[in-house]
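*Asks:* Structure below; questions to follow.
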Amino acid sequence: MTFVPGQNAPLQAPVVTFRAESQTPFDVSALVADANLRALTSADFVFYNQPSTAGVQLDQSGIRVELDRLHPDAAAVLCIVSVDPAATAAGAFRTAGLSATLSDQSGSVLAEFAIPTAGTETAVICWELYRKSGAWKIRAVGQGYAGGLAELISVHGVEVDEPAQPAPTAAPAWDSAVEPLEVGRGLERAWMIFEDASRSAASFVSSSEYALARLDEDLTAAVADPSLRNSAAGVAARDAAQKRHDDLVSLARDNHARDSAQLAHELGVIDGVLPRSMASWKSVSWAGTTDLAQITAVSDGMRLGELSAPDRGTLTVPYCVPLPLRRPIWVDSTSSKAALGLISAVTVRVMAAGPMPLLDVVDLTGSLTPLTDRLAPMLAGPVITAHTEISARLRALAEAVDMGELARMSGVADGPSSLRLLILSDFPHGYSAEDAQTIMFLAERGPAIGLSILIVGEDESNFAEESVAALSEGCQHLSAAGQTEVHDPWTRTQWHFTPDVLDPISESRILAVFDRT
């Protein structure tokens with residue numbers, strides 16, 4: 001399998017060997033790191049003077065990694081090439097000819113990566129082997145460092161005797177090397193980008209914290225001898241400590257900015273080919289594409305909004321979830337009318353995710369009329385406006401779920417053929433305890449027939465009625481008030497989440513969901 005920068009894939013082989021080829025003389029090395037890509041210890045950097053650590057061995061064939069023998073805290077292994085110090089005339093890696101492979105224990109090549117270089121790199125991270133949800137994966141990285149191996153490993157937490165002065169890291173030539181988007185893989189690709197952004201952010205935060213801790217240690221050492229505190233030597237030591245800190249932070253910021261620029265470029269490339277349910281509102285797919293395959297394709301996910309971190313840069317990353325929704329979305333709002341823009345955005349994206357979706361709506365206050373009027377052809381039945389009609393509609397949906405499960409068990413159907421969305425506004429007012437229990441049944445079993453649920457109401461996690469509280473706790477909550485704080489599931493990096501909104505009265509994109517014939 002041939003990789004491009006940023007591409008990842010599952011790693012099934014328990015033992016792999018990393019090798020590289022280049023026109024420039026080089027050495028290979030490896031760094032065992034934690035989830036933040038910080039070295040576990042200095043002893044976990046494997047190179048020619050330290051040829052082994054738990055699970056990693058350097059020999060004449062390359063770097064051998066035995067995943068089952070890695071330290072229990074290991075979350076990643078970075079596979080590195082660097083210019084041979086003994087071949088100083090070689091300079092940096094040439095702009096062509098650097099490649100890397102991973103092979104299994106039998107010698108069969110599992111992955112190949114022709115690494116694009118700019119001609120200024122003296123050290124390059126070729127592969128990242130990393131653990132996710134208990135399973136191992138590989139990622140083609142191609143990140144170069146003009147400051148050499150000392151710079152690369154110091155960024156990842158290995159102390160060197162004479163830290164290299166940070167030099168601008170060499171950006172990989174990713175402008176023309178974005179992996180094409182495979183049909184039906186939009187959600188996976190969106191989460192890959194989110195994961196990459198999270199790991200880059202975590203590395204930046206970790207490096208900055210390391211620099212601050214190192215500054216504290218260096219300043220403490222500089223003033224340890226009272227007789228030298230106010231001497232020229234003491235002042236020089238403090239100045240040197242501050243410079244080291246500033247250089248490390250600057251390098252971490254530059255690396256993060258480079259990663260963010262690459263991810264922003266990749267997002268720009270794929271946005272025009274993502275299904276409408278996951279594409280940005282400005283994408284050509286919403287502007288009137290004539291690609292019938294793109295219009296009618298069933299999407300495996302939908303976009304809820306975007307993630308950003310103003311303190312770390314300008315990168316914004318789409319936040320997407322699977323369809324049908326595995327957990328109901330609960331819009332926290334005291335008024336469905338106030339949340340209409342968010343409700344409209346979620347509804348239109350679900351409606352755009354597959355051919356001929358159906359829409360069931362409970363709207364006791366009439367707040368959703370501007371939306372339901374425009375989507376009337378997709379309504380599965382009349383909008384429920386009286387609380388006495390709620391139970392019957394919910395029971396009918398529950399029966400449809402039972403019938404769908406029977407069809408699947410008998411082999412008549414193997415999955416949902418289309419999507420369906422149930423909107424429950426102003427919950428739980430007007431709903432009975434029995435209704436809440438039926439909704440919980442639909443939330444658990446409905447995805448099997450393509451049913452997703454959108455609930456609008458106040459957060460009722462502490463509601464006296466146990467079924468309502470349990471339902472609220474099992475939902476994914478979005479705030480109609482705007483931006484909220486979220487943490488990613490890998491590194492717990494903090495992000496600002498801004499939900500998508502859509503004006504159902506003036507927004508022409510709503511009409512695009514009918515472009516299916």
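FYI, nothing fancy with the structure tokens labels: chains A, B, ... in order, residues from 1 per chain, ligands from 1 as they appear.
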So which residues touch stretch 378-394 of chain A within 7 Å, counting only C-alpha atoms, skipping near sequence neighbours fewer than 2 positions away, as a VMD selection string?
*Replies:* chain A and resid 357 to 364 375 to 376 396 to 398 430 to 431 435 438
*Asks:* With the cut-off set at 12 Å and counting only C-alpha atoms, tabulate each residue of stretch 6-121 of chain A with an atom at most that distance from an atom of stretch 488-510 of chain A, showing the nearest atom pair and its distance in Å to one decimal, ordered by chain and increasing number, as JSON lines.
*Replies:*
```
{"residue": "A:Asp34", "atom": "CA", "partner": "A:Thr491", "partner_atom": "CA", "distance": 10.2}
{"residue": "A:Ala35", "atom": "CA", "partner": "A:Thr491", "partner_atom": "CA", "distance": 6.7}
{"residue": "A:Asn36", "atom": "CA", "partner": "A:Thr491", "partner_atom": "CA", "distance": 6.9}
{"residue": "A:Leu37", "atom": "CA", "partner": "A:Thr491", "partner_atom": "CA", "distance": 10.3}
{"residue": "A:Ala75", "atom": "CA", "partner": "A:Trp490", "partner_atom": "CA", "distance": 10.7}
```
*Asks:* Using only C-alpha atoms for the distances, tell me which of A:Ala221, A:Arg420, A:Phe441, A:Pro355 is nearest to A:Arg395.
*Replies:*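 Of all the options, A:Phe441 lies closest to A:Arg395.
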*Asks:* Do you know which residues are at most 8 Å from A:Val273 counting only C-alpha atoms, after dropping those on the same chain fewer than 2 positions away, and could you put them as a list of chain:residue names?
*Replies:*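 The residues satisfying every condition are A:Leu181, A:Val269, A:Ile270, A:Asp271, A:Pro275, A:Ala279, A:Ser285, A:Gln294.
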*Asks:* For the residues in the current selection, export N, CA, C and O atoms as a PDB file, in the first residue's frame.
*Replies:*
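again26.pdb was written with the following content:
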```
ATOM      1  N   LEU A 181     -10.244  11.552  -1.667  1.00  0.00           N
ATOM      2  CA  LEU A 181     -11.318  11.112  -0.797  1.00  0.00           C
ATOM      3  C   LEU A 181     -12.030   9.924  -1.427  1.00  0.00           C
ATOM      4  O   LEU A 181     -12.545  10.012  -2.540  1.00  0.00           O
ATOM      5  N   VAL A 269      -9.137  21.112   0.072  1.00  0.00           N
ATOM      6  CA  VAL A 269      -9.171  20.234  -1.100  1.00  0.00           C
ATOM      7  C   VAL A 269     -10.386  19.307  -1.055  1.00  0.00           C
ATOM      8  O   VAL A 269     -11.093  19.129  -2.048  1.00  0.00           O
ATOM      9  N   ILE A 270     -10.665  18.718   0.110  1.00  0.00           N
ATOM     10  CA  ILE A 270     -11.721  17.715   0.176  1.00  0.00           C
ATOM     11  C   ILE A 270     -13.110  18.313   0.379  1.00  0.00           C
ATOM     12  O   ILE A 270     -14.116  17.627   0.163  1.00  0.00           O
ATOM     13  N   ASP A 271     -13.199  19.583   0.779  1.00  0.00           N
ATOM     14  CA  ASP A 271     -14.506  20.173   1.069  1.00  0.00           C
ATOM     15  C   ASP A 271     -15.422  20.133  -0.153  1.00  0.00           C
ATOM     16  O   ASP A 271     -16.630  19.944  -0.029  1.00  0.00           O
ATOM     17  N   PRO A 275     -19.689  14.748   0.875  1.00  0.00           N
ATOM     18  CA  PRO A 275     -21.149  14.788   0.761  1.00  0.00           C
ATOM     19  C   PRO A 275     -21.688  16.069   1.408  1.00  0.00           C
ATOM     20  O   PRO A 275     -21.064  16.622   2.317  1.00  0.00           O
ATOM     21  N   ALA A 279     -20.101  18.703   4.212  1.00  0.00           N
ATOM     22  CA  ALA A 279     -19.378  19.826   3.614  1.00  0.00           C
ATOM     23  C   ALA A 279     -19.760  21.144   4.280  1.00  0.00           C
ATOM     24  O   ALA A 279     -20.837  21.277   4.861  1.00  0.00           O
ATOM     25  N   SER A 285     -20.646  21.824  -3.261  1.00  0.00           N
ATOM     26  CA  SER A 285     -21.715  20.835  -3.206  1.00  0.00           C
ATOM     27  C   SER A 285     -23.033  21.463  -2.761  1.00  0.00           C
ATOM     28  O   SER A 285     -24.108  20.945  -3.072  1.00  0.00           O
ATOM     29  N   GLN A 294     -22.797  12.574  -6.371  1.00  0.00           N
ATOM     30  CA  GLN A 294     -22.568  13.249  -5.099  1.00  0.00           C
ATOM     31  C   GLN A 294     -23.897  13.620  -4.441  1.00  0.00           C
ATOM     32  O   GLN A 294     -24.050  13.535  -3.228  1.00  0.00           O
TER      33      GLN A 294
END
```
*Asks:* Show which residues sit within 6 Å of stretch 314-331 of chain A, as a ChimeraX atom specification. Count only C-alpha atoms, and ignore same-chain residues fewer than 5 positions away.
*Replies:* /A:260,300-308,447,450,452-456,475-479
*Asks:* Leaving out A:Met356 and any residue of its chain fewer than 2 positions from it, which residues lie within 8 Å of it when counting only C-alpha atoms, given as a PyMOL selection string?
*Replies:* chain A and resi 351+354+358+378+418-419+516
*Asks:* Name the closest residue to A:Asp332 among the candidates A:Ala481, A:Met1, A:Val56, A:Val32; distances are taken between atoms, counting only C-alpha atoms.
*Replies:*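 Closest residue, counting only C-alpha atoms: A:Ala481.
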*Asks:* DSSP on the backbone: what in stretch 302-397 of chain A comes out strand (DSSP E), as a VMD selection string?
*Replies:* chain A and resid 302 to 308 316 to 322 329 to 332 358 to 362
*Asks:* Would you list the contacts of A:Leu40 as a VMD selection string, taking every protein, DNA or RNA residue within 10 Å and counting only C-alpha atoms, but skipping same-chain residues closer than 2 positions in sequence?
*Replies:* chain A and resid 31 to 35 37 to 38 42 to 45 71 73 to 76 156 to 158
*Asks:* Among stretch 291-337 of chain A, which ones does DSSP place in alpha helix (DSSP H), written as number ranges by chain?
*Replies:* A: 292-296
*Asks:* Output N, CA and C atoms of each residue in that selection to a file, as an mmCIF file, in the first residue's frame.
*Replies:*
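What ended up in part10.cif:
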```cif
data_model
loop_
_atom_site.group_PDB
_atom_site.id
_atom_site.type_symbol
_atom_site.label_atom_id
_atom_site.label_comp_id
_atom_site.auth_asym_id
_atom_site.auth_seq_id
_atom_site.Cartn_x
_atom_site.Cartn_y
_atom_site.Cartn_z
ATOM 1 N N LEU A 292 -24.470 14.112 -10.061
ATOM 2 C CA LEU A 292 -25.608 13.346 -9.558
ATOM 3 C C LEU A 292 -25.176 12.318 -8.519
ATOM 4 N N ALA A 293 -24.000 11.718 -8.711
ATOM 5 C CA ALA A 293 -23.527 10.715 -7.752
ATOM 6 C C ALA A 293 -23.318 11.340 -6.381
ATOM 7 N N GLN A 294 -22.797 12.574 -6.371
ATOM 8 C CA GLN A 294 -22.568 13.249 -5.099
ATOM 9 C C GLN A 294 -23.897 13.620 -4.441
ATOM 10 N N ILE A 295 -24.890 13.992 -5.245
ATOM 11 C CA ILE A 295 -26.181 14.406 -4.713
ATOM 12 C C ILE A 295 -26.937 13.228 -4.102
ATOM 13 N N THR A 296 -26.924 12.090 -4.763
ATOM 14 C CA THR A 296 -27.753 10.956 -4.348
ATOM 15 C C THR A 296 -27.039 9.978 -3.431
#
```
